[in-house]
>>> print(open('input_15.pdb').read())   # PDB, C-alpha atoms
ATOM      1  CA  MET M  17       0.929   2.312 -40.314
ATOM      2  CA  ALA M  18       3.014   2.473 -37.134
ATOM      3  CA  ALA M  19       0.677   0.025 -35.396
ATOM      4  CA  THR M  20       0.953  -2.407 -38.314
ATOM      5  CA  GLU M  21       4.745  -2.153 -38.296
ATOM      6  CA  LEU M  22       4.773  -2.957 -34.582
ATOM      7  CA  LEU M  23       2.709  -6.083 -35.184
ATOM      8  CA  LEU M  24       4.780  -7.261 -38.138
ATOM      9  CA  GLU M  25       8.287  -6.374 -36.988
ATOM     10  CA  ASP M  26      11.049  -8.974 -36.763
ATOM     11  CA  GLU M  27      11.255 -10.990 -33.556
ATOM     12  CA  ASN M  28      14.885  -9.886 -33.158
ATOM     13  CA  CYS M  29      13.643  -6.384 -32.353
ATOM     14  CA  SER M  30      11.196  -7.500 -29.660
ATOM     15  CA  GLY M  31      13.475  -6.569 -26.768
ATOM     16  CA  GLN M  32      13.965  -2.950 -27.786
ATOM     17  CA  ASP M  33      12.717  -0.188 -25.516
ATOM     18  CA  TRP M  34       9.208   1.136 -25.889
ATOM     19  CA  ALA M  35       6.809   3.266 -23.839
ATOM     20  CA  LEU M  36       3.144   2.546 -23.221
ATOM     21  CA  ALA M  37       1.248   5.454 -21.645
ATOM     22  CA  ASN M  38       4.684   6.574 -20.402
ATOM     23  CA  LEU M  39       5.331   3.224 -18.696
ATOM     24  CA  PRO M  40       8.534   1.415 -19.758
ATOM     25  CA  ALA M  41       8.097  -1.720 -21.853
ATOM     26  CA  THR M  42       9.777  -3.885 -24.426
ATOM     27  CA  ARG M  43       8.449  -3.968 -27.984
ATOM     28  CA  ALA M  44       7.162  -7.490 -27.313
ATOM     29  CA  GLU M  45       5.144  -6.159 -24.374
ATOM     30  CA  ALA M  46       3.918  -3.280 -26.519
ATOM     31  CA  ARG M  47       2.834  -5.696 -29.235
ATOM     32  CA  ASP M  48       0.958  -7.881 -26.732
ATOM     33  CA  GLY M  49      -0.833  -4.845 -25.335
ATOM     34  CA  LEU M  50      -1.759  -3.664 -28.814
ATOM     35  CA  VAL M  51      -3.220  -7.054 -29.730
ATOM     36  CA  LEU M  52      -5.241  -7.350 -26.527
ATOM     37  CA  LEU M  53      -6.581  -3.818 -26.764
ATOM     38  CA  THR M  54      -7.490  -4.276 -30.417
ATOM     39  CA  LEU M  55      -9.372  -7.460 -29.546
ATOM     40  CA  ASP M  56     -11.092  -5.569 -26.743
ATOM     41  CA  GLY M  57     -12.243  -2.965 -29.264
ATOM     42  CA  LEU M  58     -13.522  -5.605 -31.661
ATOM     43  CA  ALA M  59     -15.374  -7.375 -28.833
ATOM     44  CA  ILE M  60     -17.475  -4.235 -28.311
ATOM     45  CA  ARG M  61     -18.886  -4.710 -31.798
ATOM     46  CA  GLU M  62     -18.992  -8.502 -31.636
ATOM     47  CA  ARG M  63     -22.363  -8.630 -33.392
ATOM     48  CA  GLU M  64     -21.072  -6.631 -36.332
ATOM     49  CA  PRO M  65     -19.136  -8.193 -39.222
ATOM     50  CA  ARG M  66     -15.343  -8.219 -38.706
ATOM     51  CA  THR M  67     -14.544  -6.160 -41.756
ATOM     52  CA  VAL M  68     -11.093  -4.932 -42.684
ATOM     53  CA  GLY M  69     -12.254  -1.422 -41.831
ATOM     54  CA  ALA M  70     -13.461  -2.493 -38.384
ATOM     55  CA  VAL M  71     -10.143  -4.163 -37.615
ATOM     56  CA  ALA M  72      -8.192  -1.165 -38.882
ATOM     57  CA  THR M  73     -10.255   1.224 -36.731
ATOM     58  CA  ALA M  74      -9.852  -0.939 -33.611
ATOM     59  CA  LEU M  75      -6.102  -1.169 -34.239
ATOM     60  CA  GLU M  76      -5.830   2.595 -34.707
ATOM     61  CA  HIS M  77      -7.750   3.325 -31.492
ATOM     62  CA  ALA M  78      -5.681   0.828 -29.526
ATOM     63  CA  TYR M  79      -2.415   2.304 -30.791
ATOM     64  CA  GLU M  80      -3.580   5.829 -29.953
ATOM     65  CA  VAL M  81      -4.430   4.814 -26.381
ATOM     66  CA  LEU M  82      -1.130   3.021 -25.797
ATOM     67  CA  THR M  83       1.018   5.828 -27.205
ATOM     68  CA  SER M  84      -0.640   8.466 -25.027
ATOM     69  CA  PRO M  85       1.822  10.600 -23.043
ATOM     70  CA  ASP M  86       0.612   9.386 -19.636
ATOM     71  CA  LEU M  87      -1.908   7.190 -17.832
ATOM     72  CA  THR M  88      -4.422  10.012 -17.438
ATOM     73  CA  SER M  89      -4.711  10.775 -21.147
ATOM     74  CA  ALA M  90      -4.637   7.051 -22.004
ATOM     75  CA  GLY M  91      -7.583   6.452 -19.694
ATOM     76  CA  ALA M  92      -9.500   9.369 -21.159
ATOM     77  CA  LEU M  93      -8.988   8.022 -24.694
ATOM     78  CA  ALA M  94      -9.971   4.514 -23.618
ATOM     79  CA  ASP M  95     -13.212   5.922 -22.234
ATOM     80  CA  HIS M  96     -13.780   7.918 -25.419
ATOM     81  CA  TYR M  97     -13.418   4.789 -27.544
ATOM     82  CA  HIS M  98     -15.340   2.628 -25.040
ATOM     83  CA  LEU M  99     -12.321   0.445 -24.384
ATOM     84  CA  LEU M 100     -11.215  -1.277 -21.165
ATOM     85  CA  ASP M 101     -14.696  -1.590 -19.698
ATOM     86  CA  ALA M 102     -14.584  -1.111 -15.930
ATOM     87  CA  GLY M 103     -16.458  -4.378 -15.457
ATOM     88  CA  GLY M 104     -14.333  -6.279 -17.943
ATOM     89  CA  PRO M 105     -11.178  -8.340 -17.687
ATOM     90  CA  PHE M 106      -8.721  -5.445 -17.581
ATOM     91  CA  ALA M 107     -10.149  -3.707 -14.524
ATOM     92  CA  ALA M 108      -9.314  -6.681 -12.273
ATOM     93  CA  ILE M 109     -11.159  -5.301  -9.265
ATOM     94  CA  GLY M 110     -13.112  -8.005  -7.497
ATOM     95  CA  PRO M 111     -12.827 -11.413  -5.823
ATOM     96  CA  THR M 112      -9.660 -13.286  -6.761
ATOM     97  CA  GLN M 113     -11.597 -16.325  -7.925
ATOM     98  CA  ALA M 114     -13.555 -14.184 -10.394
ATOM     99  CA  LEU M 115     -10.314 -12.902 -11.922
ATOM    100  CA  ARG M 116      -8.459 -16.187 -12.232
ATOM    101  CA  ASP M 117      -8.877 -16.819 -15.938
ATOM    102  CA  HIS M 118      -9.098 -13.285 -17.281
ATOM    103  CA  PRO M 119      -6.538 -12.109 -19.856
ATOM    104  CA  PHE M 120      -4.273  -9.590 -18.225
ATOM    105  CA  HIS M 121      -1.703  -7.029 -19.278
ATOM    106  CA  PRO M 122       0.057  -4.861 -16.660
ATOM    107  CA  VAL M 123      -0.140  -1.636 -18.682
ATOM    108  CA  LEU M 124      -3.795  -2.057 -19.673
ATOM    109  CA  HIS M 125      -4.588  -2.786 -16.055
ATOM    110  CA  ALA M 126      -2.683   0.306 -14.898
ATOM    111  CA  ILE M 127      -4.515   2.522 -17.397
ATOM    112  CA  ARG M 128      -7.910   1.350 -16.206
ATOM    113  CA  LEU M 129      -7.043   1.529 -12.499
ATOM    114  CA  HIS M 130      -5.643   5.033 -12.898
ATOM    115  CA  SER M 131      -8.780   6.232 -14.664
ATOM    116  CA  LEU M 132     -10.963   4.732 -11.920
ATOM    117  CA  ARG M 133      -8.829   6.109  -9.102
ATOM    118  CA  ASP M 134     -11.249   8.773  -7.846
ATOM    119  CA  HIS M 135     -14.224   6.408  -8.005
ATOM    120  CA  LEU M 136     -12.725   3.787  -5.682
ATOM    121  CA  PRO M 137     -12.909   3.831  -1.865
ATOM    122  CA  PRO M 138      -9.694   5.059  -0.210
ATOM    123  CA  GLY M 139      -8.820   1.612   1.133
ATOM    124  CA  THR M 140      -9.171   0.070  -2.331
ATOM    125  CA  GLN M 141      -6.995   2.810  -3.807
ATOM    126  CA  LEU M 142      -4.249   1.899  -1.354
ATOM    127  CA  ALA M 143      -4.670  -1.837  -1.963
ATOM    128  CA  PHE M 144      -4.176  -1.303  -5.717
ATOM    129  CA  ARG M 145      -1.263   1.093  -5.140
ATOM    130  CA  ILE M 146      -3.001   3.979  -6.855
ATOM    131  CA  GLY M 147      -0.690   6.934  -6.381
ATOM    132  CA  SER M 148       2.346   4.923  -7.448
ATOM    133  CA  ASP M 149       3.904   5.091 -10.902
ATOM    134  CA  TRP M 150       2.339   1.717 -11.721
ATOM    135  CA  PRO M 151      -1.065   0.877 -10.175
ATOM    136  CA  ARG M 152      -1.662  -2.877  -9.938
ATOM    137  CA  THR M 153      -3.774  -5.500  -8.234
ATOM    138  CA  PRO M 154      -2.584  -6.970  -4.923
ATOM    139  CA  ASN M 155      -3.048 -10.456  -6.390
ATOM    140  CA  ALA M 156      -1.395  -9.793  -9.763
ATOM    141  CA  LEU M 157       1.333 -12.401  -9.440
ATOM    142  CA  ARG M 158      -1.207 -15.121  -8.646
ATOM    143  CA  HIS M 159      -2.870 -14.784 -12.048
ATOM    144  CA  ARG M 160      -1.601 -17.358 -14.501
ATOM    145  CA  HIS M 161      -2.016 -14.801 -17.314
ATOM    146  CA  THR M 162       0.056 -12.140 -15.612
ATOM    147  CA  PRO M 163       3.379 -11.294 -17.279
ATOM    148  CA  VAL M 164       5.800  -9.367 -15.089
ATOM    149  CA  PRO M 165       6.823  -6.045 -16.703
ATOM    150  CA  THR M 166      10.431  -6.114 -17.832
ATOM    151  CA  TYR M 167      11.478  -2.617 -16.796
ATOM    152  CA  CYS M 168       9.710  -2.027 -13.450
ATOM    153  CA  GLU M 169      11.831  -3.265 -10.540
ATOM    154  CA  ASN M 170       9.238  -2.364  -7.904
ATOM    155  CA  TRP M 171       6.327  -4.090  -9.648
ATOM    156  CA  CYS M 172       6.955  -7.385  -7.830
ATOM    157  CA  LEU M 173       7.542  -5.835  -4.412
ATOM    158  CA  PRO M 174       5.383  -7.429  -1.716
ATOM    159  CA  PRO M 175       3.493  -5.260   0.777
ATOM    160  CA  ALA M 176       5.420  -3.821   3.714
ATOM    161  CA  PRO M 177       5.906  -6.495   6.397
ATOM    162  CA  LEU M 178       3.332  -6.037   9.156
ATOM    163  CA  SER M 179       6.001  -6.678  11.781
ATOM    164  CA  ALA M 180       7.855  -3.556  10.594
ATOM    165  CA  ILE M 181       4.824  -1.275  10.963
ATOM    166  CA  PRO M 182       4.333   0.222  14.433
ATOM    167  CA  GLN M 183       0.815   0.545  15.750
ATOM    168  CA  LEU M 184       1.318   4.306  15.912
ATOM    169  CA  TYR M 185       3.175   5.721  12.917
ATOM    170  CA  TRP M 186       6.197   7.926  13.600
ATOM    171  CA  GLU M 187       5.366  11.448  14.772
ATOM    172  CA  ASP M 188       7.398  13.140  12.059
ATOM    173  CA  GLY M 189       4.816  11.817   9.601
ATOM    174  CA  LEU M 190       5.294  11.393   5.881
ATOM    175  CA  PRO M 191       7.754  13.169   3.561
ATOM    176  CA  GLY M 192       6.132  16.232   2.053
ATOM    177  CA  ILE M 193       3.126  15.992   4.375
ATOM    178  CA  GLY M 194       4.543  17.034   7.730
ATOM    179  CA  SER M 195       4.447  15.865  11.325
ATOM    180  CA  VAL M 196       1.498  14.016  12.835
ATOM    181  CA  THR M 197       1.098  14.153  16.610
ATOM    182  CA  SER M 198      -2.489  13.009  17.100
ATOM    183  CA  GLU M 199      -2.617   9.399  18.272
ATOM    184  CA  ARG M 200      -5.714   8.711  16.175
ATOM    185  CA  SER M 201      -4.021  10.084  13.060
ATOM    186  CA  ARG M 202      -0.830   8.123  13.691
ATOM    187  CA  PHE M 203      -2.886   4.940  14.103
ATOM    188  CA  ALA M 204      -4.774   5.727  10.880
ATOM    189  CA  LEU M 205      -1.469   6.199   9.018
ATOM    190  CA  SER M 206      -0.240   2.804  10.199
ATOM    191  CA  ILE M 207      -3.482   1.227   8.985
ATOM    192  CA  ALA M 208      -2.984   2.986   5.643
ATOM    193  CA  ILE M 209       0.596   1.700   5.315
ATOM    194  CA  ALA M 210      -0.568  -1.834   6.131
ATOM    195  CA  SER M 211      -3.323  -1.552   3.497
ATOM    196  CA  VAL M 212      -0.985  -0.746   0.595
ATOM    197  CA  GLY M 213      -0.789  -3.777  -1.684
ATOM    198  CA  ARG M 214      -3.110  -5.852   0.513
ATOM    199  CA  ASN M 215      -6.713  -6.721  -0.263
ATOM    200  CA  ILE M 216      -7.840  -6.382   3.367
ATOM    201  CA  THR M 217     -10.295  -4.224   5.285
ATOM    202  CA  THR M 218      -9.159  -1.494   7.647
ATOM    203  CA  ALA M 219     -10.556  -3.613  10.491
ATOM    204  CA  SER M 220      -8.311  -6.518   9.489
ATOM    205  CA  ALA M 221      -5.345  -4.168   9.221
ATOM    206  CA  ALA M 222      -6.014  -2.880  12.741
ATOM    207  CA  GLU M 223      -6.252  -6.423  14.090
ATOM    208  CA  GLN M 224      -2.985  -7.431  12.435
ATOM    209  CA  LEU M 225      -1.351  -4.399  14.052
ATOM    210  CA  GLY M 226      -2.494  -5.636  17.452
ATOM    211  CA  ALA M 227      -5.481  -3.322  17.939
ATOM    212  CA  PRO M 228      -9.205  -4.098  18.256
ATOM    213  CA  LYS M 229     -10.995  -4.158  14.899
ATOM    214  CA  VAL M 230     -13.531  -1.595  16.044
ATOM    215  CA  GLN M 231     -10.761   0.986  16.444
ATOM    216  CA  ALA M 232     -10.414   1.139  12.642
ATOM    217  CA  ALA M 233     -13.905   2.617  12.255
ATOM    218  CA  ARG M 234     -12.548   6.178  12.036
ATOM    219  CA  ALA M 235      -9.532   5.428   9.848
ATOM    220  CA  ALA M 236     -11.101   6.859   6.666
ATOM    221  CA  HIS M 237     -12.242   9.932   8.611
ATOM    222  CA  GLU M 238      -8.692  10.481   9.859
ATOM    223  CA  TRP M 239      -7.336  10.124   6.307
ATOM    224  CA  ALA M 240      -9.779  12.798   5.200
ATOM    225  CA  THR M 241      -8.669  15.051   8.063
ATOM    226  CA  LEU M 242      -4.990  14.565   7.210
ATOM    227  CA  SER M 243      -5.689  15.364   3.557
ATOM    228  CA  ASP M 244      -7.390  18.682   4.349
ATOM    229  CA  GLN M 245      -4.123  20.592   3.981
ATOM    230  CA  CYS M 246      -2.384  18.689   1.181
ATOM    231  CA  GLY M 247      -5.258  17.002  -0.672
ATOM    232  CA  TRP M 248      -5.988  13.275  -0.821
ATOM    233  CA  PRO M 249      -3.941  12.552  -4.002
ATOM    234  CA  ALA M 250      -0.782  13.935  -2.371
ATOM    235  CA  LEU M 251      -1.443  12.052   0.874
ATOM    236  CA  ARG M 252      -2.226   8.850  -1.028
ATOM    237  CA  GLN M 253       1.018   9.081  -2.981
ATOM    238  CA  ALA M 254       2.999   9.739   0.206
ATOM    239  CA  ILE M 255       1.421   6.684   1.874
ATOM    240  CA  VAL M 256       2.186   4.401  -1.075
ATOM    241  CA  THR M 257       5.741   5.740  -1.288
ATOM    242  CA  ALA M 258       6.293   5.248   2.447
ATOM    243  CA  ALA M 259       4.988   1.675   2.237
ATOM    244  CA  THR M 260       7.381   0.956  -0.642
ATOM    245  CA  HIS M 261      10.337   2.313   1.326
ATOM    246  CA  LEU M 262       9.321   0.249   4.352
ATOM    247  CA  THR M 263       9.274  -2.883   2.177
ATOM    248  CA  GLN M 264      12.740  -2.103   0.861
ATOM    249  CA  GLU M 265      14.177  -1.084   4.256
ATOM    250  CA  PRO M 266      12.024  -2.537   7.027
ATOM    251  CA  GLY M 267      14.404  -1.680   9.859
ATOM    252  CA  THR M 268      15.482  -3.995  12.662
ATOM    253  CA  ILE M 269      12.611  -3.693  15.127
ATOM    254  CA  ASP M 270       9.902  -6.359  14.995
ATOM    255  CA  TYR M 271       6.924  -4.524  16.521
ATOM    256  CA  ARG M 272       4.702  -7.607  16.505
ATOM    257  CA  ARG M 273       7.303  -9.537  18.505
ATOM    258  CA  ARG M 274       7.673  -6.642  20.917
ATOM    259  CA  ARG M 275       3.941  -6.710  21.620
ATOM    260  CA  GLU M 276       4.156 -10.472  22.140
ATOM    261  CA  GLU M 277       7.126 -10.053  24.516
ATOM    262  CA  LEU M 278       5.025  -7.824  26.766
ATOM    263  CA  ALA M 279       1.825  -9.864  26.594
ATOM    264  CA  THR M 280       1.444  -9.725  30.388
ATOM    265  CA  ILE M 281       2.418  -7.313  33.147
ATOM    266  CA  ALA M 282       4.855  -9.925  34.455
ATOM    267  CA  ASP M 283       6.537  -9.944  31.029
ATOM    268  CA  LEU M 284       7.153  -6.214  31.309
ATOM    269  CA  ASP M 285       8.571  -6.484  34.827
ATOM    270  CA  THR M 286      10.938  -9.183  33.544
ATOM    271  CA  ARG M 287      11.961  -7.120  30.509
ATOM    272  CA  PHE M 288      12.611  -3.978  32.616
ATOM    273  CA  PRO M 289      13.738  -5.447  35.935
ATOM    274  CA  GLU M 290      15.773  -2.649  37.461
ATOM    275  CA  ALA M 291      12.984  -0.912  39.364
ATOM    276  CA  GLU M 292       9.544  -1.314  40.896
ATOM    277  CA  TRP M 293       7.166   0.244  38.414
ATOM    278  CA  THR M 294       3.831   1.859  39.119
ATOM    279  CA  ASP M 295       0.920   0.961  36.846
ATOM    280  CA  ALA M 296       1.172   4.374  35.175
ATOM    281  CA  GLU M 297       4.874   3.803  34.464
ATOM    282  CA  ARG M 298       4.235   0.280  33.198
ATOM    283  CA  LEU M 299       1.687   1.635  30.753
ATOM    284  CA  TRP M 300       4.148   4.276  29.542
ATOM    285  CA  LEU M 301       6.897   1.666  29.113
ATOM    286  CA  TRP M 302       4.591  -0.667  27.200
ATOM    287  CA  ALA M 303       3.495   2.105  24.822
ATOM    288  CA  MET M 304       7.061   3.279  24.239
ATOM    289  CA  PHE M 305       8.609  -0.174  23.816
ATOM    290  CA  THR M 306       5.969  -1.354  21.338
ATOM    291  CA  GLN M 307       5.247   2.084  19.826
ATOM    292  CA  SER M 308       1.586   1.354  20.471
ATOM    293  CA  SER M 309      -1.379   3.161  21.918
ATOM    294  CA  PRO M 310      -1.866   2.919  25.698
ATOM    295  CA  ARG M 311      -5.528   2.335  24.817
ATOM    296  CA  PHE M 312      -4.763  -1.043  23.230
ATOM    297  CA  THR M 313      -2.857  -3.030  25.868
ATOM    298  CA  PRO M 314      -3.125  -6.842  25.632
ATOM    299  CA  GLU M 315      -6.147  -8.604  27.068
ATOM    300  CA  ALA M 316      -4.071 -10.090  29.891
ATOM    301  CA  TRP M 317      -3.379  -6.562  31.152
ATOM    302  CA  GLY M 318      -7.021  -6.246  32.182
ATOM    303  CA  ASN M 319      -8.055  -2.651  32.808
ATOM    304  CA  LEU M 320      -4.500  -1.365  32.866
ATOM    305  CA  ARG M 321      -4.963   0.902  29.893
ATOM    306  CA  PHE M 322      -5.821   4.507  29.094
ATOM    307  CA  PRO M 323      -8.049   6.287  30.125
ATOM    308  CA  ALA M 324      -8.423   4.211  33.320
ATOM    309  CA  ILE M 325      -4.677   4.701  33.855
ATOM    310  CA  VAL M 326      -2.777   7.727  32.567
ATOM    311  CA  PRO M 327       0.738   6.798  31.349
ATOM    312  CA  GLU M 328       3.528   8.396  33.333
ATOM    313  CA  ARG M 329       7.088   8.645  32.147
ATOM    314  CA  PRO M 330       9.556   7.282  34.742
ATOM    315  CA  SER M 331      11.861  10.268  34.483
ATOM    316  CA  GLU M 332      13.402   9.817  37.942
ATOM    317  CA  ARG M 333      14.645   6.335  37.068
ATOM    318  CA  GLU M 334      15.694   7.001  33.504
ATOM    319  CA  ASP M 335      19.379   7.389  34.377
ATOM    320  CA  ASN M 336      19.407   4.245  36.521
ATOM    321  CA  ASP M 337      17.754   1.818  34.121
ATOM    322  CA  GLY M 338      19.957   0.900  31.162
ATOM    323  CA  ASP M 339      17.079  -0.656  29.209
ATOM    324  CA  VAL M 340      14.991   2.477  29.580
ATOM    325  CA  ARG M 341      17.888   4.692  28.523
ATOM    326  CA  GLU M 342      18.410   2.541  25.435
ATOM    327  CA  LEU M 343      14.689   2.592  24.688
ATOM    328  CA  LEU M 344      14.456   6.362  24.953
ATOM    329  CA  ALA M 345      17.581   6.892  22.864
ATOM    330  CA  SER M 346      16.296   4.780  19.974
ATOM    331  CA  THR M 347      12.838   6.319  20.168
ATOM    332  CA  ARG M 348      14.116   9.868  20.184
ATOM    333  CA  SER M 349      16.585   9.376  17.355
ATOM    334  CA  GLY M 350      14.008   7.799  15.072
ATOM    335  CA  LEU M 351      16.639   5.400  13.726
ATOM    336  CA  GLU M 352      14.024   2.770  12.927
ATOM    337  CA  LYS M 353      11.945   5.030  10.720
ATOM    338  CA  PRO M 354      12.510   4.303   7.019
ATOM    339  CA  PRO M 355      13.962   7.092   4.831
TER     340      PRO M 355
END
>>> encode(input="input_15.pdb", output="structure tokens")
Amino acid sequence: MAATELLLEDENCSGQDWALANLPATRAEARDGLVLLTLDGLAIREREPRTVGAVATALEHAYEVLTSPDLTSAGALADHYHLLDAGGPFAAIGPTQALRDHPFHPVLHAIRLHSLRDHLPPGTQLAFRIGSDWPRTPNALRHRHTPVPTYCENWCLPPAPLSAIPQLYWEDGLPGIGSVTSERSRFALSIAIASVGRNITTASAAEQLGAPKVQAARAAHEWATLSDQCGWPALRQAIVTAATHLTQEPGTIDYRRRREELATIADLDTRFPEAEWTDAERLWLWAMFTQSSPRFTPEAWGNLRFPAIVPERPSEREDNDGDVRELLASTRSGLEKPP
């Protein structure tokens, strides 16, 4: 009865608040979701006659799924009723060209993605923002059938700008997770942040952060190590949350530009001109200025990288070089780290 009333209600009521699997929606959005899910249920039995009873049953099942208290229970009911097939149009996991003409509803998509969350590779989970309040495809806004949810301000947020992501994530780590001092783990966190909302491989993420692709080979292993204490779901949620904050408040430092500014050793000597630097000090300055690994210096630096050269902090000259003092002050204060 309630499902029928939703379908037949006056258009003047279509903007009223509604909730679908605990996600905010208008009544118009709820009605669209109910119609699509009912049609999905009828498609399962496409060889059977479309009797009044069959339509009523499909409508009842669809309404029950959409009025579930949360995404988890909605997904469980959808599985029970054989709705939202993982290979069907509402999963939306696959090549963009294969998804172009599929019908799409943000809530139905979120229900299916949430139910598949533990069956997807970690990188795919981050790409589809699983761990956020509203899982969604990285390419959602490119689909011509994709309506933007009315009540979710963050739904249209782009991924965090790559220029705002340092090669080595900040040592104080993620909120609720704790500090991260290992260089490999910090690099893996930066790759994770870059992967949120992007349909890219970890190797591509590493390359776009200025590191060799091969260095991303252990990223998933490092994620597993970091999740040993808090569990992967908690770490995943913290990563997605941090990426969202970095999109909203990217800070003022452009890390990509900083790496480009120090593309050669001569560039560094020009940028920090107040002293004659040793190779060990140059390597330390490069790593600090770009917040990068001393293992990944630019190609033009030749073999001036760790472990061939061990970075050495120029402590004796710190008080004499204004640029170095400014660099150390900003690094220590962590002012560029998002909240």
>>> residues_near_point(input="input_15.pdb", point="(-6.5, 7.1, -15.5)", cutoff="7 Å", atoms="only C-alpha atoms", output="list in words")
Leu87, Thr88, Ser89, Ala90, Gly91, Ala92, Ile127, Arg128, Leu129, His130, Ser131, Leu132 and Arg133 of chain M
>>> atom_distance(input="input_15.pdb", atom1="atom CA of Pro138 of chain M", atom2="atom CA of Thr306 of chain M")
27.4 Å
>>> atom_distance(input="input_15.pdb", atom1="atom CA of Trp300 of chain M", atom2="atom CA of Val230 of chain M")
23.0 Å
>>> residues_around(input="input_15.pdb", residues="segment 67-83 of chain M", least_positions_apart="4", cutoff="9 Å", atoms="all atoms listed in the file", output="VMD selection string")
chain M and resid 17 to 20 35 to 38 46 49 to 58 61 89 to 94 97 99 123 to 124
>>> axis_aligned_box(input="input_15.pdb", around="segment 44-49 of chain M", padding_each_side="8 Å", output="lines of an AutoDock Vina configuration file")
center_x = 3.2
center_y = -5.6
center_z = -26.8
size_x = 24.0
size_y = 20.6
size_z = 20.9
>>> atom_distance(input="input_15.pdb", atom1="atom CA of Ala204 of chain M", atom2="atom CA of Glu297 of chain M")
25.6 Å
>>> resolve_selection(input="input_15.pdb", expression="the PyMOL selection byres ((chain M and resi 294) around 12)", output="list in words")
Ile281, Leu284, Asp285, Ala291, Glu292, Trp293, Asp295, Ala296, Glu297, Arg298, Leu299, Trp300, Leu301, Leu320, Ile325, Val326, Pro327, Glu328, Arg329, Pro330 and Arg333 of chain M
>>> resolve_selection(input="input_15.pdb", expression="the PyMOL selection byres ((chain M and resi 308-314) around 7)", output="list of chain:residue names")
M:Pro182, M:Gln183, M:Leu184, M:Ala227, M:Ala279, M:Leu299, M:Ala303, M:Met304, M:Thr306, M:Gln307, M:Glu315, M:Ala316, M:Trp317, M:Arg321, M:Phe322
>>> resolve_selection(input="input_15.pdb", expression="the PyMOL selection byres ((chain M and resi 224) around 12)", output="VMD selection string")
chain M and resid 177 to 183 206 to 207 210 to 211 216 to 223 225 to 229 232 271 to 272 275
>>> write_last_selection(input="input_15.pdb", atoms="C-alpha atoms", output="PDB file, keeping the file's coordinate frame")
ATOM      1  CA  PRO M 177       5.906  -6.495   6.397  1.00  0.00           C
ATOM      2  CA  LEU M 178       3.332  -6.037   9.156  1.00  0.00           C
ATOM      3  CA  SER M 179       6.001  -6.678  11.781  1.00  0.00           C
ATOM      4  CA  ALA M 180       7.855  -3.556  10.594  1.00  0.00           C
ATOM      5  CA  ILE M 181       4.824  -1.275  10.963  1.00  0.00           C
ATOM      6  CA  PRO M 182       4.333   0.222  14.433  1.00  0.00           C
ATOM      7  CA  GLN M 183       0.815   0.545  15.750  1.00  0.00           C
ATOM      8  CA  SER M 206      -0.240   2.804  10.199  1.00  0.00           C
ATOM      9  CA  ILE M 207      -3.482   1.227   8.985  1.00  0.00           C
ATOM     10  CA  ALA M 210      -0.568  -1.834   6.131  1.00  0.00           C
ATOM     11  CA  SER M 211      -3.323  -1.552   3.497  1.00  0.00           C
ATOM     12  CA  ILE M 216      -7.840  -6.382   3.367  1.00  0.00           C
ATOM     13  CA  THR M 217     -10.295  -4.224   5.285  1.00  0.00           C
ATOM     14  CA  THR M 218      -9.159  -1.494   7.647  1.00  0.00           C
ATOM     15  CA  ALA M 219     -10.556  -3.613  10.491  1.00  0.00           C
ATOM     16  CA  SER M 220      -8.311  -6.518   9.489  1.00  0.00           C
ATOM     17  CA  ALA M 221      -5.345  -4.168   9.221  1.00  0.00           C
ATOM     18  CA  ALA M 222      -6.014  -2.880  12.741  1.00  0.00           C
ATOM     19  CA  GLU M 223      -6.252  -6.423  14.090  1.00  0.00           C
ATOM     20  CA  LEU M 225      -1.351  -4.399  14.052  1.00  0.00           C
ATOM     21  CA  GLY M 226      -2.494  -5.636  17.452  1.00  0.00           C
ATOM     22  CA  ALA M 227      -5.481  -3.322  17.939  1.00  0.00           C
ATOM     23  CA  PRO M 228      -9.205  -4.098  18.256  1.00  0.00           C
ATOM     24  CA  LYS M 229     -10.995  -4.158  14.899  1.00  0.00           C
ATOM     25  CA  ALA M 232     -10.414   1.139  12.642  1.00  0.00           C
ATOM     26  CA  TYR M 271       6.924  -4.524  16.521  1.00  0.00           C
ATOM     27  CA  ARG M 272       4.702  -7.607  16.505  1.00  0.00           C
ATOM     28  CA  ARG M 275       3.941  -6.710  21.620  1.00  0.00           C
TER      29      ARG M 275
END
>>> residues_around(input="input_15.pdb", residues="segment 192-202 of chain M", least_positions_apart="5", cutoff="7 Å", atoms="all atoms listed in the file", output="list in words")
Leu184, Tyr185, Glu187, Glu238, Cys246 and Leu251 of chain M
>>> closest_residue(input="input_15.pdb", among="M:His237, M:Arg47, M:His98, M:Arg152", to="Asn170 of chain M", atoms="only C-alpha atoms")
M:Arg152
>>> residues_around(input="input_15.pdb", residues="Phe144 of chain M", least_positions_apart="6", cutoff="6 Å", atoms="only C-alpha atoms", output="list in words")
Pro151, Arg152, Thr153, Pro154 and Gly213 of chain M
>>> closest_residue(input="input_15.pdb", among="M:Phe203, M:Asp95, M:Ala240, M:Asp188", to="Pro137 of chain M", atoms="only C-alpha atoms")
M:Ala240
